[in-house]
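Q: Supplied in structure tokens, the structure appears directly below.
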Amino acid sequence: MIKNKEITSRDENFADWYTNIVQKANIIDYSSVKGFTILAPNGYALWEKFQNILDTKFKELGHQNVYMPMLIPENLLTKEKDHVEGFAPEVAWVTYGGEQKLEQKLCIRPTSETLFCEYYSKIVKSYRDLPKLYNQWCSVVRWEKETRPLLRSREFLWQEGHTIHASAEEAEKETMQMLKVYQDFFENYLAIPVLVGQKTEKEKFAGAEKTFTCEALMYNGVTLQSATSHYFGQNFSKPFDIKFLNRDNKLEYVYQTSWGITTRSMAALIMVHGDDNGLVLPPKVAPIQVVIIPIKDAPEVLSVCQKLENDLKETGICAKVDNSNQSAGFKFAENEMKGIPLRLEVGPRDLENNQITLARRDNFEKQQVSLNENVANLCKNLLEQIQQDMFNRAKKRRDEKTYVAKSMQDIKDIIEKHPGFIKAMWCGDKACEEEIKKINGTKSRCIPFCEEHIADTCVCCGKKAKHMVVWGIQY
RNA sequence: CGGGGUGUAGCGCAGUUGGAUUAGCGCACAUGAUUUGGGAUCAUGGGGUCGGGGGUUCGAGUCCCUCCACCCCGACCA
């Protein structure tokens with residue numbers, strides 16, 4: 001366990017550490033246009049893992065994938081008032097087609113609500129057509145002023161689910177169901193504990209009736225909104241005229257939901273689990289789960305490596321021999337940087353004793369294993385153990401960084417000394433949220449489903465409290 | 001958009017008062033050899049419109065003007 005010399009320590013400067021890691025682990029690279037990054041092979045492989053897991057789940061629940069156009073005409077974007085006000089400042093426009101100036105400018109989608117709505121209004125006539133459970137995987141563009149790799153880029157990949165239903169109850173049920181899908185994904189695959197709850201009026205999605213969220217806490221105590229699920233009610237179906245005839249032969253507007261997760265979730269993974277040696281990937285989403293390193297370029301070493309790779313693959317583990325023409329030390333460092341959960345070292349010294357060395361990425365523990373044992377099976381169990389340990393460690397840290405504030409001074413002290421999740425009571429008034437935001441930009445993250453009664457009065461104004469809110473500084 | 005800063009090889013930098021040439025150094029890269037249990041060593045080699053344009057001068061990476069790009073701090077955001 002030797003600290004990587006080529007990156008800034010995460011305790012010294014977390015922001016530098018992060019930008020070092022994403023590049024050195026070959027997750028992203030910069031392009032020549034500000035805010036537009038290249039998803040490099042390791043980054044894209046990780047995203048494909050995310051896609052696979054979620055897409056399978058979505059389909060199990062009856063959703064279908066579609067693909068909407070990338071361009072939205074101006075008059076379509078502006079149909080829903082709150083929505084356009086939320087997105088207008090950050091859309092990119094296409095104004096020319098070839099040499100010809102366009103009569104109506106076209107916006108590059110910042111999100112596709114309006115496109116789905118237009119489509120739904122065309123295809124829905126009767127309650128028999130409902131529900132429609134569509135999803136799309138695509139990229140969207142938002143012209144951010146300040147950009148950071150994966151956290152805030154001008155183009156990002158995501159998935160947006162848009163469903164319409166014949167009743168409010170059914171749509172609300174869908175909203176909650178998808179929130180649970182995300183929670184399960186974060187906790188059981190990414191090994192990231194998330195706080196789930198409802199966004200306040202101020203923080204909810206532009207045009208939504210209600211917004212629900214999964215909030216994660218990074219190593220440095222900064223919060224990250226990691227996935228959201230919205231209930232739109234009829235807010236979009238009215239302006240977009242998505243009507244159906246119900247069982248009583250009466251025209252009614254549909255009830256709608258939307259839910260999404262972006263490549264930002266990869267940033268969460270990096271910032272929750274990563275350490276001074278690079279990425280640490282939970283086994284369930286690691287594109288390569290076990291790397292096998294031949295210590296010497298000798299035939300007997302290589303043949304053992306090859307056999308191990310085959311055995312592991314047969315057990316359903318994604319394993320790879322690192323054949324690169326580098327020194328052993330270099331390979332150790334390189335594969336640690338990539339976050340590969342488990343490393344098998346095969347060298348002459350081990351082989352003399354008919355054994356190999358096994359090293360965990362998450363806690364650097366090493367052990368010798370006899371080749372007479374079932375190594376593949378051992379790895380399989382160990383990978384499960386690593387997955388569990390990573391979640392427990394992240395949860396312990398999250399809990400340690402969760403505080404209670406009973407006054408504005410408490411909030412100020414916590415934010416300045418050691419940021420994290422801050423539980424505090426709130427009266428429900430937007431003015432108090434704005435007042436709290438003045439403390440280093442502390443925002444309400446959500447009203448958690450597991451509310452606690454901390455005090456009777458609002459932390460800010462002292463009036464009767466309506467909710468316990470979790471606050472924090474956000475990315 | 002407001003305040004501050006930086007542009008010299010893929011990356012990180014040096015280049016002193018304008019006179020030092022063919023603009024250097026480290027890392028990275030290429031070839032060869034020896035190596036391989038925590039980022040190997042030696043040898044050889046490739047790579048530059050000094051951010052762009054204009055000006056001053058016998059002479060500009062260096063001085064002046066102008067444009068551009070990027071970074072940091074604020075306001076806005078998945």
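Numbering starts fresh at 1 for the residues of each chain in the structure tokens, the chains themselves are lettered A, B, ... in the order given, and ligands are numbered from 1 as they appear.
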Show me, as a CSV table (one decimal) with N, CA and C atoms, in the first residue's frame, the residues of chain A whose atoms get within 6 Å of chain B, using only C-alpha atoms (C1' of nucleotides) for the distance check.
A:
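The resulting file, selection_4.csv, is reproduced below:
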```csv
chain,number,residue,atom,x,y,z
A,296,LYS,N,6.8,-12.4,-14.0
A,296,LYS,CA,7.9,-12.5,-14.9
A,296,LYS,C,7.4,-13.1,-16.3
A,327,SER,N,6.8,-3.1,-16.1
A,327,SER,CA,7.3,-3.7,-14.9
A,327,SER,C,6.1,-4.1,-14.0
A,328,ALA,N,6.4,-5.0,-13.1
A,328,ALA,CA,5.3,-5.5,-12.2
A,328,ALA,C,4.7,-4.3,-11.4
A,329,GLY,N,5.7,-3.5,-10.9
A,329,GLY,CA,5.2,-2.4,-10.1
A,329,GLY,C,4.3,-1.4,-10.8
A,330,PHE,N,4.7,-1.2,-12.1
A,330,PHE,CA,3.9,-0.3,-12.9
A,330,PHE,C,2.4,-0.9,-13.0
```
Q: Counting only C-alpha atoms (C1' of nucleotides), what is within 10 Å of Glu169 in chain A, bar same-chain residues fewer than 4 positions away, as a PDB file with N, CA and C atoms, in the first residue's frame?
A:
```
ATOM      1  N   HIS A 165     -50.243   7.974 -17.643  1.00  0.00           N
ATOM      2  CA  HIS A 165     -51.159   7.066 -16.965  1.00  0.00           C
ATOM      3  C   HIS A 165     -52.573   7.640 -16.946  1.00  0.00           C
ATOM      4  N   LYS A 173     -47.662   6.068  -8.182  1.00  0.00           N
ATOM      5  CA  LYS A 173     -47.084   4.772  -7.856  1.00  0.00           C
ATOM      6  C   LYS A 173     -45.852   4.517  -8.722  1.00  0.00           C
ATOM      7  N   GLU A 174     -45.955   4.868  -9.989  1.00  0.00           N
ATOM      8  CA  GLU A 174     -44.820   4.725 -10.914  1.00  0.00           C
ATOM      9  C   GLU A 174     -43.632   5.583 -10.457  1.00  0.00           C
ATOM     10  N   THR A 175     -43.936   6.812 -10.054  1.00  0.00           N
ATOM     11  CA  THR A 175     -42.880   7.721  -9.588  1.00  0.00           C
ATOM     12  C   THR A 175     -42.098   7.090  -8.441  1.00  0.00           C
ATOM     13  N   GLY A 233     -48.212  15.177 -12.571  1.00  0.00           N
ATOM     14  CA  GLY A 233     -49.643  15.409 -12.574  1.00  0.00           C
ATOM     15  C   GLY A 233     -50.089  15.697 -13.992  1.00  0.00           C
ATOM     16  N   TYR A 255     -51.985  11.598 -16.677  1.00  0.00           N
ATOM     17  CA  TYR A 255     -51.112  11.874 -15.528  1.00  0.00           C
ATOM     18  C   TYR A 255     -49.731  11.329 -15.873  1.00  0.00           C
TER      19      TYR A 255
END
```
Q: To one decimal in Å, tell me the separation between CA of Phe449 in chain A and CA of Thr228 in chain A.
A: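 Distance between the two atoms: 14.5 Å.
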Q: Provide the CA of Ser444 in chain A to CA of Ile473 in chain A distance in Å, to one decimal place.
A: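 Interatomic distance here is 8.7 Å.
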Q: Work out how far apart CA of Asp248 in chain A and CA of Val124 in chain A are and give it in Å to one decimal.
A: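 Rounded to one decimal, the two atoms are 16.4 Å apart.
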Q: Using DSSP assignments from the backbone, pull out every residue in range 97-306 of chain A that falls under strand (DSSP E or B) and give it to me as number ranges by chain.
A: A: 97, 100-108, 126, 132-141, 148, 152, 155-165, 195-198, 210-217, 223-233, 243-245, 251-253, 255-262, 275, 278, 290-294
Q: Those same residues, written as a compact mmCIF listing (two decimals), in the first residue's frame with C-alpha atoms?
A:
```txt
# COMPACT_ATOMS: atom_id res chain seq x y z
CA GLY A 97 -29.05 24.65 -41.93
CA GLN A 100 -29.46 28.94 -44.92
CA LYS A 101 -30.70 30.75 -41.84
CA LEU A 102 -33.60 28.81 -40.34
CA GLU A 103 -37.05 30.41 -40.10
CA GLN A 104 -37.52 28.96 -36.67
CA LYS A 105 -34.51 28.26 -34.51
CA LEU A 106 -34.14 24.75 -33.14
CA CYS A 107 -32.99 23.96 -29.65
CA ILE A 108 -30.67 21.05 -28.92
CA SER A 126 -58.49 6.09 -25.10
CA LYS A 132 -47.40 4.29 -22.02
CA LEU A 133 -44.09 3.45 -20.37
CA TYR A 134 -41.31 4.85 -22.55
CA ASN A 135 -37.67 5.48 -21.85
CA GLN A 136 -34.77 6.77 -23.89
CA TRP A 137 -31.00 6.62 -23.58
CA CYS A 138 -29.41 9.66 -25.15
CA SER A 139 -27.29 12.71 -24.53
CA VAL A 140 -28.55 16.20 -23.75
CA VAL A 141 -26.94 19.63 -23.93
CA ARG A 148 -16.44 19.98 -14.36
CA ARG A 152 -21.26 19.42 -14.77
CA GLU A 155 -23.25 17.51 -22.87
CA PHE A 156 -23.97 14.46 -20.77
CA LEU A 157 -25.36 10.98 -21.27
CA TRP A 158 -28.45 9.94 -19.43
CA GLN A 159 -31.61 7.98 -19.44
CA GLU A 160 -34.98 9.70 -19.26
CA GLY A 161 -38.13 7.75 -18.57
CA HIS A 162 -41.44 9.39 -19.48
CA THR A 163 -44.66 7.64 -18.66
CA ILE A 164 -48.32 8.57 -18.93
CA HIS A 165 -51.16 7.07 -16.97
CA LEU A 195 -30.90 9.43 1.32
CA VAL A 196 -34.29 9.30 -0.36
CA GLY A 197 -36.99 11.89 -0.01
CA GLN A 198 -38.94 14.71 -1.58
CA LYS A 210 -43.45 16.70 -6.97
CA THR A 211 -39.82 15.70 -7.27
CA PHE A 212 -38.22 12.80 -5.41
CA THR A 213 -34.50 12.27 -5.16
CA CYS A 214 -31.62 10.02 -4.16
CA GLU A 215 -28.98 12.10 -2.41
CA ALA A 216 -25.48 10.76 -1.87
CA LEU A 217 -22.69 12.11 0.28
CA THR A 223 -23.77 16.20 -1.44
CA LEU A 224 -24.69 14.96 -4.89
CA GLN A 225 -28.18 14.65 -6.29
CA SER A 226 -27.73 11.29 -7.92
CA ALA A 227 -31.08 10.40 -9.47
CA THR A 228 -34.53 11.95 -9.56
CA SER A 229 -38.09 10.78 -10.13
CA HIS A 230 -40.84 13.29 -10.83
CA TYR A 231 -44.61 13.30 -10.67
CA PHE A 232 -45.92 15.81 -13.20
CA GLY A 233 -49.64 15.41 -12.57
CA LYS A 243 -56.21 13.78 -23.66
CA PHE A 244 -57.91 10.41 -23.53
CA LEU A 245 -61.46 9.18 -23.24
CA LEU A 251 -62.19 13.50 -21.98
CA GLU A 252 -59.44 13.64 -19.41
CA TYR A 253 -55.83 14.76 -19.35
CA TYR A 255 -51.11 11.87 -15.53
CA GLN A 256 -47.43 11.86 -16.14
CA THR A 257 -44.06 10.91 -14.64
CA SER A 258 -40.43 11.34 -15.55
CA TRP A 259 -37.28 9.89 -14.04
CA GLY A 260 -33.61 9.92 -14.88
CA ILE A 261 -30.05 9.11 -14.03
CA THR A 262 -26.98 10.60 -15.70
CA ASP A 275 -8.72 6.76 -2.64
CA GLY A 278 -7.16 5.83 -7.73
CA VAL A 290 -10.09 -9.62 -11.46
CA VAL A 291 -6.77 -8.73 -13.05
CA ILE A 292 -4.06 -11.37 -13.23
CA ILE A 293 -0.50 -10.11 -13.24
CA PRO A 294 2.41 -12.27 -14.42
```
Q: Find the residues near range 346-357 of chain A: any atom within 9 Å, counting only C-alpha atoms (C1' of nucleotides), skip ones fewer than 2 places away on the same chain, and give them as a list in words.
A: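 Final neighbour list, sorted by chain and number: Ile292, Ile293, Pro294, Ile295, Lys296, Ala298, Glu300, Val301, Leu302, Val304, Cys305, Arg343, Leu344, Ala359, Lys366, Gln367, Gln368, Val369, Ser370, Leu371 and Asn372 of chain A; G37 of chain B.
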Q: At a cut-off of 12 Å, using only C-alpha atoms (C1' of nucleotides), what residues contact A60 in chain B? Leave out same-chain residues fewer than 5 positions from it and give the result as an mmCIF file with N, CA and C atoms (P, O5', C5', C4', C3', O3' and C1' of nucleotides), in the first residue's frame.
A:
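The new file selection-v1.cif reads:
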```
data_model
loop_
_atom_site.group_PDB
_atom_site.id
_atom_site.type_symbol
_atom_site.label_atom_id
_atom_site.label_comp_id
_atom_site.auth_asym_id
_atom_site.auth_seq_id
_atom_site.Cartn_x
_atom_site.Cartn_y
_atom_site.Cartn_z
ATOM 1 P P G B 18 14.238 44.366 -21.547
ATOM 2 O "O5'" G B 18 14.760 43.630 -22.861
ATOM 3 C "C5'" G B 18 14.531 42.243 -23.046
ATOM 4 C "C4'" G B 18 15.136 41.823 -24.340
ATOM 5 C "C3'" G B 18 16.626 42.114 -24.451
ATOM 6 O "O3'" G B 18 17.237 41.110 -25.272
ATOM 7 C "C1'" G B 18 15.495 43.238 -26.164
ATOM 8 P P G B 19 18.546 40.354 -24.768
ATOM 9 O "O5'" G B 19 19.423 40.271 -26.093
ATOM 10 C "C5'" G B 19 19.161 39.258 -27.061
ATOM 11 C "C4'" G B 19 20.294 39.185 -28.060
ATOM 12 C "C3'" G B 19 21.679 39.059 -27.436
ATOM 13 O "O3'" G B 19 22.487 38.287 -28.318
ATOM 14 C "C1'" G B 19 21.598 41.012 -28.747
ATOM 15 P P C B 50 5.941 30.484 -33.159
ATOM 16 O "O5'" C B 50 5.673 29.688 -31.803
ATOM 17 C "C5'" C B 50 4.468 29.853 -31.062
ATOM 18 C "C4'" C B 50 4.773 29.863 -29.584
ATOM 19 C "C3'" C B 50 4.559 31.213 -28.913
ATOM 20 O "O3'" C B 50 3.968 30.977 -27.644
ATOM 21 C "C1'" C B 50 6.753 30.466 -28.496
ATOM 22 P P G B 55 2.486 45.275 -39.540
ATOM 23 O "O5'" G B 55 2.927 46.148 -38.286
ATOM 24 C "C5'" G B 55 2.486 47.504 -38.171
ATOM 25 C "C4'" G B 55 2.818 48.058 -36.816
ATOM 26 C "C3'" G B 55 4.290 48.335 -36.541
ATOM 27 O "O3'" G B 55 4.742 49.526 -37.157
ATOM 28 C "C1'" G B 55 3.283 47.331 -34.639
#
```
Q: Got a sec to tell me which of range 240-291 of chain A DSSP assigns to alpha helix (DSSP H), as a PyMOL selection string?
A: chain A and resi 264-273
Q: Output the selection as an mmCIF file, in the first residue's frame - C-alpha atoms for each residue.
A:
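Output file again_38.cif is given in full below:
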```cif
data_model
loop_
_atom_site.group_PDB
_atom_site.id
_atom_site.type_symbol
_atom_site.label_atom_id
_atom_site.label_comp_id
_atom_site.auth_asym_id
_atom_site.auth_seq_id
_atom_site.Cartn_x
_atom_site.Cartn_y
_atom_site.Cartn_z
ATOM 1 C CA ARG A 264 -22.955 12.108 -13.065
ATOM 2 C CA SER A 265 -23.647 8.950 -11.083
ATOM 3 C CA MET A 266 -20.173 7.862 -12.206
ATOM 4 C CA ALA A 267 -18.785 10.903 -10.415
ATOM 5 C CA ALA A 268 -20.591 9.744 -7.274
ATOM 6 C CA LEU A 269 -18.988 6.343 -7.577
ATOM 7 C CA ILE A 270 -15.555 7.913 -7.907
ATOM 8 C CA MET A 271 -16.001 10.406 -5.088
ATOM 9 C CA VAL A 272 -17.519 7.965 -2.600
ATOM 10 C CA HIS A 273 -15.123 5.046 -3.020
#
```
Q: Hey, which of A:Lys412, A:Lys180, A:Lys417, A:Lys59 ends up closest to Asn440 in chain A? Count only C-alpha atoms.
A: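 Checking each of A:Lys412, A:Lys180, A:Lys417, A:Lys59 against Asn440 in chain A, counting only C-alpha atoms, the winner is A:Lys412.
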Q: When you look at G26 in chain B with a cut-off of 12 Å (counting only C-alpha atoms (C1' of nucleotides)), what residues show up, excluding the ones that are within fewer than 5 positions of it in the same chain? I need them as a list in words.
A: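 Returned residues: C11, G12, C13 and A14 of chain B.
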Q: Near U56 in chain B, within 12 Å and counting only C-alpha atoms (C1' of nucleotides), which residues show up once chain neighbours fewer than 5 positions away are dropped, as an MDAnalysis selection string?
A: chainID B and resid 18 63:65
Q: Which one is closest to G48 in chain B: B:G24, B:G32, B:G74, B:G3? Count only C-alpha atoms (C1' of nucleotides).
A: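 Among B:G24, B:G32, B:G74, B:G3, it is B:G24 that comes nearest to G48 in chain B.
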Q: Near G52 in chain B, within 12 Å and counting only C-alpha atoms (C1' of nucleotides), which residues show up once chain neighbours fewer than 6 positions away are dropped, as a PyMOL selection string?
A: chain B and resi 7+66-69
